[in-house]
>>> print(open('start.pdb').read())   # PDB, C-alpha atoms
ATOM      1  CA  MET A 618      -1.807   6.854  19.712  1.00  0.00           C
ATOM      2  CA  ASP A 619       0.137   6.162  16.542  1.00  0.00           C
ATOM      3  CA  THR A 620       0.666   9.707  15.276  1.00  0.00           C
ATOM      4  CA  ILE A 621       1.765   8.492  11.846  1.00  0.00           C
ATOM      5  CA  ALA A 622      -1.436   6.469  11.434  1.00  0.00           C
ATOM      6  CA  VAL A 623      -3.611   9.383  12.569  1.00  0.00           C
ATOM      7  CA  ALA A 624      -1.920  11.814  10.165  1.00  0.00           C
ATOM      8  CA  ALA A 625      -2.229   9.412   7.233  1.00  0.00           C
ATOM      9  CA  ALA A 626      -5.865   8.549   8.035  1.00  0.00           C
ATOM     10  CA  ARG A 627      -6.713  12.247   8.203  1.00  0.00           C
ATOM     11  CA  ILE A 628      -5.213  12.799   4.737  1.00  0.00           C
ATOM     12  CA  LEU A 629      -7.227   9.892   3.307  1.00  0.00           C
ATOM     13  CA  LEU A 630     -10.442  11.358   4.710  1.00  0.00           C
ATOM     14  CA  ASN A 631      -9.612  14.968   3.782  1.00  0.00           C
ATOM     15  CA  THR A 632      -8.854  14.096   0.148  1.00  0.00           C
ATOM     16  CA  GLY A 633     -11.991  12.005  -0.329  1.00  0.00           C
ATOM     17  CA  ALA A 634      -9.990   8.827  -0.873  1.00  0.00           C
ATOM     18  CA  VAL A 635     -12.335   6.771   1.342  1.00  0.00           C
ATOM     19  CA  HIS A 636     -15.362   5.330  -0.467  1.00  0.00           C
ATOM     20  CA  LEU A 637     -18.355   3.486   0.990  1.00  0.00           C
ATOM     21  CA  ARG A 638     -20.618   1.322  -1.186  1.00  0.00           C
ATOM     22  CA  PRO A 639     -22.220  -1.529   0.794  1.00  0.00           C
ATOM     23  CA  GLU A 640     -25.087  -1.964  -1.662  1.00  0.00           C
ATOM     24  CA  GLN A 641     -22.657  -2.650  -4.548  1.00  0.00           C
ATOM     25  CA  PRO A 642     -19.456  -4.033  -3.017  1.00  0.00           C
ATOM     26  CA  PHE A 643     -16.083  -3.274  -4.532  1.00  0.00           C
ATOM     27  CA  THR A 644     -13.946  -6.118  -5.889  1.00  0.00           C
ATOM     28  CA  LEU A 645     -10.394  -5.732  -4.599  1.00  0.00           C
ATOM     29  CA  THR A 646      -7.217  -6.702  -6.474  1.00  0.00           C
ATOM     30  CA  SER A 647      -7.129  -9.860  -4.386  1.00  0.00           C
ATOM     31  CA  GLY A 648     -10.630 -10.786  -5.611  1.00  0.00           C
ATOM     32  CA  LYS A 649     -12.171 -10.207  -2.192  1.00  0.00           C
ATOM     33  CA  LYS A 650     -15.401  -8.214  -1.848  1.00  0.00           C
ATOM     34  CA  SER A 651     -15.512  -5.084   0.276  1.00  0.00           C
ATOM     35  CA  PRO A 652     -18.144  -2.410   1.059  1.00  0.00           C
ATOM     36  CA  VAL A 653     -15.336   0.121   1.445  1.00  0.00           C
ATOM     37  CA  TYR A 654     -12.452   1.158  -0.769  1.00  0.00           C
ATOM     38  CA  VAL A 655      -9.489   3.476  -0.381  1.00  0.00           C
ATOM     39  CA  ASP A 656      -8.349   5.124  -3.606  1.00  0.00           C
ATOM     40  CA  CYS A 657      -4.689   5.983  -3.001  1.00  0.00           C
ATOM     41  CA  ARG A 658      -4.257   6.831  -6.696  1.00  0.00           C
ATOM     42  CA  LYS A 659      -6.280   9.953  -6.002  1.00  0.00           C
ATOM     43  CA  LEU A 660      -3.569  11.218  -3.641  1.00  0.00           C
ATOM     44  CA  ILE A 661      -1.112  11.927  -6.468  1.00  0.00           C
ATOM     45  CA  SER A 662      -3.033  15.130  -7.283  1.00  0.00           C
ATOM     46  CA  PHE A 663      -2.645  16.631  -3.788  1.00  0.00           C
ATOM     47  CA  THR A 664       0.811  18.178  -3.631  1.00  0.00           C
ATOM     48  CA  LYS A 665       0.959  19.146   0.048  1.00  0.00           C
ATOM     49  CA  GLU A 666      -0.579  15.891   1.225  1.00  0.00           C
ATOM     50  CA  ARG A 667       1.664  13.670  -0.890  1.00  0.00           C
ATOM     51  CA  ARG A 668       4.775  15.399   0.481  1.00  0.00           C
ATOM     52  CA  ILE A 669       3.519  14.694   4.000  1.00  0.00           C
ATOM     53  CA  LEU A 670       2.831  11.040   3.130  1.00  0.00           C
ATOM     54  CA  VAL A 671       6.339  10.546   1.744  1.00  0.00           C
ATOM     55  CA  ARG A 672       7.830  12.064   4.894  1.00  0.00           C
ATOM     56  CA  LEU A 673       5.652   9.748   6.973  1.00  0.00           C
ATOM     57  CA  MET A 674       6.762   6.731   4.920  1.00  0.00           C
ATOM     58  CA  VAL A 675      10.411   7.511   5.600  1.00  0.00           C
ATOM     59  CA  GLU A 676       9.597   8.040   9.278  1.00  0.00           C
ATOM     60  CA  ARG A 677       7.678   4.734   9.483  1.00  0.00           C
ATOM     61  CA  LEU A 678      10.545   2.801   7.900  1.00  0.00           C
ATOM     62  CA  GLN A 679      13.041   4.382  10.296  1.00  0.00           C
ATOM     63  CA  GLN A 680      10.703   3.626  13.208  1.00  0.00           C
ATOM     64  CA  ASN A 681      10.583  -0.027  12.107  1.00  0.00           C
ATOM     65  CA  GLY A 682      14.358  -0.268  11.834  1.00  0.00           C
ATOM     66  CA  VAL A 683      14.547  -0.533   8.043  1.00  0.00           C
ATOM     67  CA  ALA A 684      17.949   0.415   6.652  1.00  0.00           C
ATOM     68  CA  ARG A 685      18.222   3.124   4.011  1.00  0.00           C
ATOM     69  CA  PRO A 686      17.586   1.515   0.609  1.00  0.00           C
ATOM     70  CA  LEU A 687      19.987   1.739  -2.331  1.00  0.00           C
ATOM     71  CA  ALA A 688      17.048   1.990  -4.754  1.00  0.00           C
ATOM     72  CA  VAL A 689      13.260   2.238  -4.589  1.00  0.00           C
ATOM     73  CA  ALA A 690      11.001   0.274  -6.950  1.00  0.00           C
ATOM     74  CA  GLY A 691       7.357   0.878  -7.746  1.00  0.00           C
ATOM     75  CA  GLY A 692       4.966  -1.750  -9.048  1.00  0.00           C
ATOM     76  CA  GLU A 693       2.956  -1.134 -12.218  1.00  0.00           C
ATOM     77  CA  THR A 694       1.098   1.186 -12.053  1.00  0.00           C
ATOM     78  CA  ALA A 695      -0.081   2.586  -8.726  1.00  0.00           C
ATOM     79  CA  GLY A 696       3.289   2.151  -7.020  1.00  0.00           C
ATOM     80  CA  ILE A 697       5.255   4.147  -9.580  1.00  0.00           C
ATOM     81  CA  PRO A 698       4.598   7.680  -8.243  1.00  0.00           C
ATOM     82  CA  TYR A 699       5.279   6.611  -4.650  1.00  0.00           C
ATOM     83  CA  ALA A 700       8.553   5.006  -5.703  1.00  0.00           C
ATOM     84  CA  ALA A 701       9.561   8.186  -7.521  1.00  0.00           C
ATOM     85  CA  TRP A 702       8.848  10.412  -4.506  1.00  0.00           C
ATOM     86  CA  LEU A 703      10.556   8.051  -2.051  1.00  0.00           C
ATOM     87  CA  ALA A 704      13.596   7.672  -4.299  1.00  0.00           C
ATOM     88  CA  ASP A 705      13.830  11.455  -4.377  1.00  0.00           C
ATOM     89  CA  ALA A 706      13.501  11.648  -0.587  1.00  0.00           C
ATOM     90  CA  TYR A 707      16.302   9.100  -0.150  1.00  0.00           C
ATOM     91  CA  ASP A 708      18.295  10.490  -3.116  1.00  0.00           C
ATOM     92  CA  VAL A 709      18.659   7.015  -4.642  1.00  0.00           C
ATOM     93  CA  PRO A 710      17.798   5.465  -8.042  1.00  0.00           C
ATOM     94  CA  MET A 711      14.155   4.798  -8.848  1.00  0.00           C
ATOM     95  CA  LEU A 712      12.917   1.683 -10.650  1.00  0.00           C
ATOM     96  CA  TYR A 713       9.577   0.450 -11.823  1.00  0.00           C
ATOM     97  CA  VAL A 714       8.437  -3.128 -12.295  1.00  0.00           C
ATOM     98  CA  ARG A 715       5.876  -4.432 -14.753  1.00  0.00           C
ATOM     99  CA  LYS A 716       3.458  -7.216 -13.933  1.00  0.00           C
ATOM    100  CA  LYS A 717       5.044  -9.147 -16.805  1.00  0.00           C
ATOM    101  CA  PRO A 718       7.826  -8.445 -19.328  1.00  0.00           C
ATOM    102  CA  LYS A 719       6.845  -6.190 -22.200  1.00  0.00           C
ATOM    103  CA  GLY A 720       6.482  -8.073 -25.458  1.00  0.00           C
ATOM    104  CA  PHE A 721       8.696  -5.854 -27.602  1.00  0.00           C
ATOM    105  CA  GLY A 722      12.077  -4.077 -27.627  1.00  0.00           C
ATOM    106  CA  ARG A 723      14.344  -5.514 -24.901  1.00  0.00           C
ATOM    107  CA  GLY A 724      11.420  -7.337 -23.315  1.00  0.00           C
ATOM    108  CA  SER A 725      12.201  -5.721 -19.981  1.00  0.00           C
ATOM    109  CA  GLN A 726      10.136  -6.256 -16.858  1.00  0.00           C
ATOM    110  CA  ILE A 727      12.165  -3.784 -14.785  1.00  0.00           C
ATOM    111  CA  GLU A 728      13.045  -0.263 -15.908  1.00  0.00           C
ATOM    112  CA  GLY A 729      15.934   1.590 -14.319  1.00  0.00           C
ATOM    113  CA  VAL A 730      19.453   0.696 -13.206  1.00  0.00           C
ATOM    114  CA  PHE A 731      20.751  -0.826  -9.977  1.00  0.00           C
ATOM    115  CA  ASN A 732      23.792  -2.801  -8.912  1.00  0.00           C
ATOM    116  CA  GLU A 733      23.737  -6.561  -8.346  1.00  0.00           C
ATOM    117  CA  GLY A 734      22.814  -7.276  -4.722  1.00  0.00           C
ATOM    118  CA  ALA A 735      21.511  -3.763  -4.074  1.00  0.00           C
ATOM    119  CA  ARG A 736      18.967  -3.431  -1.262  1.00  0.00           C
ATOM    120  CA  VAL A 737      15.755  -2.354  -3.015  1.00  0.00           C
ATOM    121  CA  LEU A 738      12.649  -1.085  -1.248  1.00  0.00           C
ATOM    122  CA  LEU A 739       9.307  -1.878  -2.907  1.00  0.00           C
ATOM    123  CA  ALA A 740       6.817   1.008  -2.696  1.00  0.00           C
ATOM    124  CA  GLU A 741       3.106   0.558  -3.361  1.00  0.00           C
ATOM    125  CA  ASP A 742      -0.095   2.501  -2.723  1.00  0.00           C
ATOM    126  CA  LEU A 743      -2.023  -0.068  -0.659  1.00  0.00           C
ATOM    127  CA  ALA A 744      -2.294  -3.732   0.262  1.00  0.00           C
ATOM    128  CA  THR A 745      -5.130  -6.066   1.178  1.00  0.00           C
ATOM    129  CA  ASP A 746      -3.331  -9.309   2.089  1.00  0.00           C
ATOM    130  CA  GLY A 747      -0.130  -8.381   0.231  1.00  0.00           C
ATOM    131  CA  GLY A 748      -0.439 -11.225  -2.262  1.00  0.00           C
ATOM    132  CA  SER A 749      -0.298  -9.096  -5.412  1.00  0.00           C
ATOM    133  CA  LYS A 750       3.122  -7.686  -4.437  1.00  0.00           C
ATOM    134  CA  ILE A 751       4.908 -11.025  -4.823  1.00  0.00           C
ATOM    135  CA  VAL A 752       5.034 -10.623  -8.633  1.00  0.00           C
ATOM    136  CA  PHE A 753       7.161  -7.505  -8.237  1.00  0.00           C
ATOM    137  CA  VAL A 754       9.318  -9.020  -5.494  1.00  0.00           C
ATOM    138  CA  ASP A 755      10.066 -12.098  -7.581  1.00  0.00           C
ATOM    139  CA  ALA A 756      10.970 -10.010 -10.634  1.00  0.00           C
ATOM    140  CA  LEU A 757      13.357  -7.825  -8.630  1.00  0.00           C
ATOM    141  CA  ARG A 758      15.023 -10.824  -7.019  1.00  0.00           C
ATOM    142  CA  ARG A 759      15.468 -12.595 -10.348  1.00  0.00           C
ATOM    143  CA  ALA A 760      17.222  -9.446 -11.578  1.00  0.00           C
ATOM    144  CA  GLY A 761      19.644  -9.612  -8.633  1.00  0.00           C
ATOM    145  CA  ALA A 762      18.087  -7.207  -6.130  1.00  0.00           C
ATOM    146  CA  GLU A 763      17.874  -7.829  -2.406  1.00  0.00           C
ATOM    147  CA  VAL A 764      14.269  -7.152  -1.398  1.00  0.00           C
ATOM    148  CA  ARG A 765      13.161  -7.457   2.223  1.00  0.00           C
ATOM    149  CA  ASP A 766      10.632  -4.655   2.743  1.00  0.00           C
ATOM    150  CA  CYS A 767       7.528  -3.199   1.137  1.00  0.00           C
ATOM    151  CA  ILE A 768       5.981   0.120   2.204  1.00  0.00           C
ATOM    152  CA  VAL A 769       2.387   1.142   1.469  1.00  0.00           C
ATOM    153  CA  VAL A 770       0.249   4.125   2.414  1.00  0.00           C
ATOM    154  CA  PHE A 771      -2.690   1.965   3.408  1.00  0.00           C
ATOM    155  CA  HIS A 772      -3.039  -1.660   4.507  1.00  0.00           C
ATOM    156  CA  TYR A 773      -6.480  -3.171   5.054  1.00  0.00           C
ATOM    157  CA  GLY A 774      -5.143  -4.919   8.154  1.00  0.00           C
ATOM    158  CA  ILE A 775      -8.104  -7.289   8.446  1.00  0.00           C
ATOM    159  CA  TYR A 776      -6.910 -10.234   6.370  1.00  0.00           C
ATOM    160  CA  PRO A 777      -4.342 -12.690   7.792  1.00  0.00           C
ATOM    161  CA  TYR A 778      -0.771 -11.737   6.943  1.00  0.00           C
ATOM    162  CA  ALA A 779       0.699 -14.768   8.704  1.00  0.00           C
ATOM    163  CA  GLY A 780       1.279 -17.448   6.099  1.00  0.00           C
ATOM    164  CA  SER A 781       0.776 -15.053   3.203  1.00  0.00           C
ATOM    165  CA  SER A 782       2.954 -15.225   0.095  1.00  0.00           C
ATOM    166  CA  LEU A 783       4.808 -12.085   1.188  1.00  0.00           C
ATOM    167  CA  GLU A 784       5.606 -13.468   4.614  1.00  0.00           C
ATOM    168  CA  LYS A 785       6.750 -16.764   3.101  1.00  0.00           C
ATOM    169  CA  ALA A 786       9.002 -14.764   0.774  1.00  0.00           C
ATOM    170  CA  GLY A 787      10.582 -13.013   3.753  1.00  0.00           C
ATOM    171  CA  ILE A 788       9.062  -9.604   3.041  1.00  0.00           C
ATOM    172  CA  ALA A 789       8.064  -7.267   5.871  1.00  0.00           C
ATOM    173  CA  LEU A 790       5.013  -5.175   4.989  1.00  0.00           C
ATOM    174  CA  HIS A 791       5.008  -1.650   6.438  1.00  0.00           C
ATOM    175  CA  SER A 792       2.053   0.744   6.271  1.00  0.00           C
ATOM    176  CA  LEU A 793       1.127   4.219   7.427  1.00  0.00           C
ATOM    177  CA  CYS A 794      -2.387   3.300   8.523  1.00  0.00           C
ATOM    178  CA  GLN A 795      -5.033   0.594   8.420  1.00  0.00           C
ATOM    179  CA  TRP A 796      -8.831   0.466   8.283  1.00  0.00           C
ATOM    180  CA  ARG A 797      -9.220   0.548  12.043  1.00  0.00           C
ATOM    181  CA  ASP A 798      -7.175   3.761  12.178  1.00  0.00           C
ATOM    182  CA  VAL A 799      -9.407   5.393   9.562  1.00  0.00           C
ATOM    183  CA  LEU A 800     -12.588   4.208  11.299  1.00  0.00           C
ATOM    184  CA  ALA A 801     -11.417   5.431  14.715  1.00  0.00           C
ATOM    185  CA  LEU A 802     -10.602   8.892  13.349  1.00  0.00           C
ATOM    186  CA  ALA A 803     -13.858   9.062  11.377  1.00  0.00           C
ATOM    187  CA  ARG A 804     -15.810   8.291  14.561  1.00  0.00           C
ATOM    188  CA  ALA A 805     -13.815  10.697  16.721  1.00  0.00           C
ATOM    189  CA  GLU A 806     -14.287  13.555  14.259  1.00  0.00           C
ATOM    190  CA  ALA A 807     -17.761  12.558  12.970  1.00  0.00           C
ATOM    191  CA  ARG A 808     -16.455  12.388   9.404  1.00  0.00           C
ATOM    192  CA  LEU A 809     -19.083   9.902   8.227  1.00  0.00           C
ATOM    193  CA  PRO A 810     -22.685   9.208   9.291  1.00  0.00           C
ATOM    194  CA  LYS A 811     -22.939   6.790  12.215  1.00  0.00           C
ATOM    195  CA  ALA A 812     -24.895   4.303  10.093  1.00  0.00           C
ATOM    196  CA  ALA A 813     -22.079   4.226   7.540  1.00  0.00           C
ATOM    197  CA  LEU A 814     -19.467   3.788  10.259  1.00  0.00           C
ATOM    198  CA  ASP A 815     -21.453   0.913  11.763  1.00  0.00           C
ATOM    199  CA  LYS A 816     -21.579  -0.815   8.369  1.00  0.00           C
ATOM    200  CA  ILE A 817     -17.808  -0.503   8.068  1.00  0.00           C
ATOM    201  CA  GLN A 818     -17.402  -1.912  11.568  1.00  0.00           C
ATOM    202  CA  LEU A 819     -19.470  -4.987  10.664  1.00  0.00           C
ATOM    203  CA  PHE A 820     -17.189  -5.620   7.702  1.00  0.00           C
ATOM    204  CA  LEU A 821     -13.983  -5.129   9.692  1.00  0.00           C
ATOM    205  CA  ASP A 822     -15.148  -7.463  12.458  1.00  0.00           C
ATOM    206  CA  ASP A 823     -15.846 -10.316  10.038  1.00  0.00           C
ATOM    207  CA  PRO A 824     -14.799  -9.612   6.413  1.00  0.00           C
ATOM    208  CA  ALA A 825     -15.298 -13.217   5.277  1.00  0.00           C
ATOM    209  CA  GLY A 826     -18.728 -13.422   6.872  1.00  0.00           C
ATOM    210  CA  TRP A 827     -19.715 -10.035   5.460  1.00  0.00           C
ATOM    211  CA  ALA A 828     -18.655 -11.034   1.931  1.00  0.00           C
ATOM    212  CA  LYS A 829     -20.583 -14.294   2.222  1.00  0.00           C
ATOM    213  CA  GLN A 830     -23.748 -12.492   3.279  1.00  0.00           C
ATOM    214  CA  TYR A 831     -23.581  -9.308   1.233  1.00  0.00           C
ATOM    215  CA  GLY A 832     -20.866  -9.721  -1.383  1.00  0.00           C
TER     216      GLY A 832
END
>>> encode(input="start.pdb", output="structure tokens")
Amino acid sequence: MDTIAVAAARILLNTGAVHLRPEQPFTLTSGKKSPVYVDCRKLISFTKERRILVRLMVERLQQNGVARPLAVAGGETAGIPYAAWLADAYDVPMLYVRKKPKGFGRGSQIEGVFNEGARVLLAEDLATDGGSKIVFVDALRRAGAEVRDCIVVFHYGIYPYAGSSLEKAGIALHSLCQWRDVLALARAEARLPKAALDKIQLFLDDPAGWAKQYG
């Protein structure tokens, strides 16, 4: 078993970050419909759990052979706290990236300081197909950063990554756990009613078909 995935999935369930609403599907950032939603923003209020997650993120990146970054950037807004904690763990500068340049002052899209060509790690809370991250990647690269990796707490893991905008941009997406990890743990520990777990399974097996029928 992937011990990192199990530990992260347990934290998501313990903190109440997993939500089920098949009768009124959630609309994800990508625009896709889903009967389930993971609220990683909620995790910022759990001090012990967030320290564990940051340690697991560092461990996952090391496990995947990712070199130590020279800076960590967080995307507006959910990625900012994770970038701050990871930058502290690595003892490197922290940056944050807006979705678009602010319309006043210096008109900056990136806040923080890094050297030209610095290897910057993008940190985010979660990803569906990874498409929304490309805005931040492009902004960092235009500013002179070298960006090859993005780390998230949770990745849906049910939508094709092959051919996605992140893959085409040469970005490796790393995650602590995916939906199937959460579902497996929830079944093993009877965390949710069987009927609810079965509904999640239907969605995971065919997300496009589920959205067409119920979304």
>>> residues_near_point(input="start.pdb", point="(-17.8, -0.7, -4.2)", cutoff="10 Å", atoms="all atoms listed in the file", output="list in words")
His636, Leu637, Arg638, Pro639, Glu640, Gln641, Pro642, Phe643, Thr644, Leu645, Lys650, Ser651, Pro652, Val653, Tyr654 and Gly832 of chain A
>>> write_last_selection(input="start.pdb", atoms="C-alpha atoms", output="PDB file, in the coordinates of the input")
ATOM      1  CA  HIS A 636     -15.362   5.330  -0.467  1.00  0.00           C
ATOM      2  CA  LEU A 637     -18.355   3.486   0.990  1.00  0.00           C
ATOM      3  CA  ARG A 638     -20.618   1.322  -1.186  1.00  0.00           C
ATOM      4  CA  PRO A 639     -22.220  -1.529   0.794  1.00  0.00           C
ATOM      5  CA  GLU A 640     -25.087  -1.964  -1.662  1.00  0.00           C
ATOM      6  CA  GLN A 641     -22.657  -2.650  -4.548  1.00  0.00           C
ATOM      7  CA  PRO A 642     -19.456  -4.033  -3.017  1.00  0.00           C
ATOM      8  CA  PHE A 643     -16.083  -3.274  -4.532  1.00  0.00           C
ATOM      9  CA  THR A 644     -13.946  -6.118  -5.889  1.00  0.00           C
ATOM     10  CA  LEU A 645     -10.394  -5.732  -4.599  1.00  0.00           C
ATOM     11  CA  LYS A 650     -15.401  -8.214  -1.848  1.00  0.00           C
ATOM     12  CA  SER A 651     -15.512  -5.084   0.276  1.00  0.00           C
ATOM     13  CA  PRO A 652     -18.144  -2.410   1.059  1.00  0.00           C
ATOM     14  CA  VAL A 653     -15.336   0.121   1.445  1.00  0.00           C
ATOM     15  CA  TYR A 654     -12.452   1.158  -0.769  1.00  0.00           C
ATOM     16  CA  GLY A 832     -20.866  -9.721  -1.383  1.00  0.00           C
TER      17      GLY A 832
END
>>> closest_residue(input="start.pdb", among="A:Gly633, A:Pro710, A:Gly826, A:Gly747", to="Pro777 in chain A", atoms="only C-alpha atoms")
A:Gly747
>>> closest_atom_pairs(input="start.pdb", of="range 724-753 of chain A", to="range 695-708 of chain A", cutoff="10 Å", atoms="all atoms listed in the file", output="JSON lines")
{"residue": "A:Leu738", "atom": "CA", "partner": "A:Ala700", "partner_atom": "CA", "distance": 8.6}
{"residue": "A:Leu739", "atom": "CA", "partner": "A:Ala700", "partner_atom": "CA", "distance": 7.5}
{"residue": "A:Ala740", "atom": "CA", "partner": "A:Ala700", "partner_atom": "CA", "distance": 5.3}
{"residue": "A:Glu741", "atom": "CA", "partner": "A:Gly696", "partner_atom": "CA", "distance": 4.0}
{"residue": "A:Asp742", "atom": "CA", "partner": "A:Gly696", "partner_atom": "CA", "distance": 5.5}
{"residue": "A:Leu743", "atom": "CA", "partner": "A:Gly696", "partner_atom": "CA", "distance": 8.6}
>>> write_last_selection(input="start.pdb", atoms="C-alpha atoms", output="PDB file, in the frame of the given file")
ATOM      1  CA  LEU A 738      12.649  -1.085  -1.248  1.00  0.00           C
ATOM      2  CA  LEU A 739       9.307  -1.878  -2.907  1.00  0.00           C
ATOM      3  CA  ALA A 740       6.817   1.008  -2.696  1.00  0.00           C
ATOM      4  CA  GLU A 741       3.106   0.558  -3.361  1.00  0.00           C
ATOM      5  CA  ASP A 742      -0.095   2.501  -2.723  1.00  0.00           C
ATOM      6  CA  LEU A 743      -2.023  -0.068  -0.659  1.00  0.00           C
TER       7      LEU A 743
END
>>> atom_distance(input="start.pdb", atom1="CA of Ser781 in chain A", atom2="CA of Leu673 in chain A")
25.6 Å
>>> resolve_selection(input="start.pdb", expression="the PyMOL selection byres ((chain A and resi 623) around 10)", output="PyMOL selection string")
chain A and resi 618-622+624-629+793-795+798-799+801-802
>>> write_last_selection(input="start.pdb", atoms="C-alpha atoms", output="compact mmCIF listing (two decimals), keeping the file's coordinate frame")
# COMPACT_ATOMS: atom_id res chain seq x y z
CA MET A 618 -1.81 6.85 19.71
CA ASP A 619 0.14 6.16 16.54
CA THR A 620 0.67 9.71 15.28
CA ILE A 621 1.76 8.49 11.85
CA ALA A 622 -1.44 6.47 11.43
CA ALA A 624 -1.92 11.81 10.16
CA ALA A 625 -2.23 9.41 7.23
CA ALA A 626 -5.86 8.55 8.04
CA ARG A 627 -6.71 12.25 8.20
CA ILE A 628 -5.21 12.80 4.74
CA LEU A 629 -7.23 9.89 3.31
CA LEU A 793 1.13 4.22 7.43
CA CYS A 794 -2.39 3.30 8.52
CA GLN A 795 -5.03 0.59 8.42
CA ASP A 798 -7.18 3.76 12.18
CA VAL A 799 -9.41 5.39 9.56
CA ALA A 801 -11.42 5.43 14.72
CA LEU A 802 -10.60 8.89 13.35
>>> closest_residue(input="start.pdb", among="A:Gly682, A:Pro810, A:Pro718, A:Gly734", to="Phe753 in chain A", atoms="all atoms listed in the file")
A:Pro718
>>> atom_distance(input="start.pdb", atom1="CA of Tyr713 in chain A", atom2="CA of Leu687 in chain A")
14.1 Å
>>> residues_near_point(input="start.pdb", point="(-8.7, -1.7, 8.8)", cutoff="7 Å", atoms="all atoms listed in the file", output="PyMOL selection string")
chain A and resi 773-775+795-798+821
>>> atom_distance(input="start.pdb", atom1="CA of Asp823 in chain A", atom2="CA of Lys649 in chain A")
12.8 Å
>>> residues_around(input="start.pdb", residues="Val683 in chain A", least_positions_apart="3", cutoff="10 Å", atoms="all atoms listed in the file", output="number ranges by chain")
A: 675-680, 686, 738, 765-766, 789, 791
>>> build_atoms(input="start.pdb", residues="range 759-776 of chain A", atoms="N, CA and C atoms", output="PDB file, keeping the file's coordinate frame")
ATOM      1  N   ARG A 759      14.891 -11.913  -9.185  1.00  0.00           N
ATOM      2  CA  ARG A 759      15.468 -12.595 -10.348  1.00  0.00           C
ATOM      3  C   ARG A 759      16.510 -11.714 -11.036  1.00  0.00           C
ATOM      4  N   ALA A 760      16.291 -10.399 -10.953  1.00  0.00           N
ATOM      5  CA  ALA A 760      17.222  -9.446 -11.578  1.00  0.00           C
ATOM      6  C   ALA A 760      18.435  -9.156 -10.690  1.00  0.00           C
ATOM      7  N   GLY A 761      18.474  -9.759  -9.492  1.00  0.00           N
ATOM      8  CA  GLY A 761      19.644  -9.612  -8.633  1.00  0.00           C
ATOM      9  C   GLY A 761      19.495  -8.658  -7.474  1.00  0.00           C
ATOM     10  N   ALA A 762      18.293  -8.138  -7.244  1.00  0.00           N
ATOM     11  CA  ALA A 762      18.087  -7.207  -6.130  1.00  0.00           C
ATOM     12  C   ALA A 762      17.860  -7.969  -4.827  1.00  0.00           C
ATOM     13  N   GLU A 763      18.206  -7.307  -3.729  1.00  0.00           N
ATOM     14  CA  GLU A 763      17.874  -7.829  -2.406  1.00  0.00           C
ATOM     15  C   GLU A 763      16.638  -7.075  -1.935  1.00  0.00           C
ATOM     16  N   VAL A 764      15.533  -7.782  -1.785  1.00  0.00           N
ATOM     17  CA  VAL A 764      14.269  -7.152  -1.398  1.00  0.00           C
ATOM     18  C   VAL A 764      13.777  -7.782  -0.106  1.00  0.00           C
ATOM     19  N   ARG A 765      13.631  -6.963   0.926  1.00  0.00           N
ATOM     20  CA  ARG A 765      13.161  -7.457   2.223  1.00  0.00           C
ATOM     21  C   ARG A 765      11.944  -6.700   2.741  1.00  0.00           C
ATOM     22  N   ASP A 766      11.681  -5.513   2.178  1.00  0.00           N
ATOM     23  CA  ASP A 766      10.632  -4.655   2.743  1.00  0.00           C
ATOM     24  C   ASP A 766       9.756  -4.052   1.652  1.00  0.00           C
ATOM     25  N   CYS A 767       8.485  -3.877   2.004  1.00  0.00           N
ATOM     26  CA  CYS A 767       7.528  -3.199   1.137  1.00  0.00           C
ATOM     27  C   CYS A 767       6.789  -2.167   1.987  1.00  0.00           C
ATOM     28  N   ILE A 768       6.680  -0.949   1.488  1.00  0.00           N
ATOM     29  CA  ILE A 768       5.981   0.120   2.204  1.00  0.00           C
ATOM     30  C   ILE A 768       4.750   0.542   1.415  1.00  0.00           C
ATOM     31  N   VAL A 769       3.625   0.681   2.101  1.00  0.00           N
ATOM     32  CA  VAL A 769       2.387   1.142   1.469  1.00  0.00           C
ATOM     33  C   VAL A 769       1.784   2.260   2.314  1.00  0.00           C
ATOM     34  N   VAL A 770       0.974   3.087   1.679  1.00  0.00           N
ATOM     35  CA  VAL A 770       0.249   4.125   2.414  1.00  0.00           C
ATOM     36  C   VAL A 770      -0.804   3.477   3.301  1.00  0.00           C
ATOM     37  N   PHE A 771      -1.541   2.535   2.714  1.00  0.00           N
ATOM     38  CA  PHE A 771      -2.690   1.965   3.408  1.00  0.00           C
ATOM     39  C   PHE A 771      -2.689   0.446   3.322  1.00  0.00           C
ATOM     40  N   HIS A 772      -2.936  -0.200   4.449  1.00  0.00           N
ATOM     41  CA  HIS A 772      -3.039  -1.660   4.507  1.00  0.00           C
ATOM     42  C   HIS A 772      -4.379  -1.989   5.153  1.00  0.00           C
ATOM     43  N   TYR A 773      -5.169  -2.839   4.510  1.00  0.00           N
ATOM     44  CA  TYR A 773      -6.480  -3.171   5.054  1.00  0.00           C
ATOM     45  C   TYR A 773      -6.370  -3.657   6.495  1.00  0.00           C
ATOM     46  N   GLY A 774      -5.387  -4.509   6.778  1.00  0.00           N
ATOM     47  CA  GLY A 774      -5.143  -4.919   8.154  1.00  0.00           C
ATOM     48  C   GLY A 774      -6.210  -5.814   8.762  1.00  0.00           C
ATOM     49  N   ILE A 775      -7.030  -6.425   7.919  1.00  0.00           N
ATOM     50  CA  ILE A 775      -8.104  -7.289   8.446  1.00  0.00           C
ATOM     51  C   ILE A 775      -8.004  -8.709   7.908  1.00  0.00           C
ATOM     52  N   TYR A 776      -7.119  -8.905   6.914  1.00  0.00           N
ATOM     53  CA  TYR A 776      -6.910 -10.234   6.370  1.00  0.00           C
ATOM     54  C   TYR A 776      -5.611 -10.803   6.940  1.00  0.00           C
TER      55      TYR A 776
END
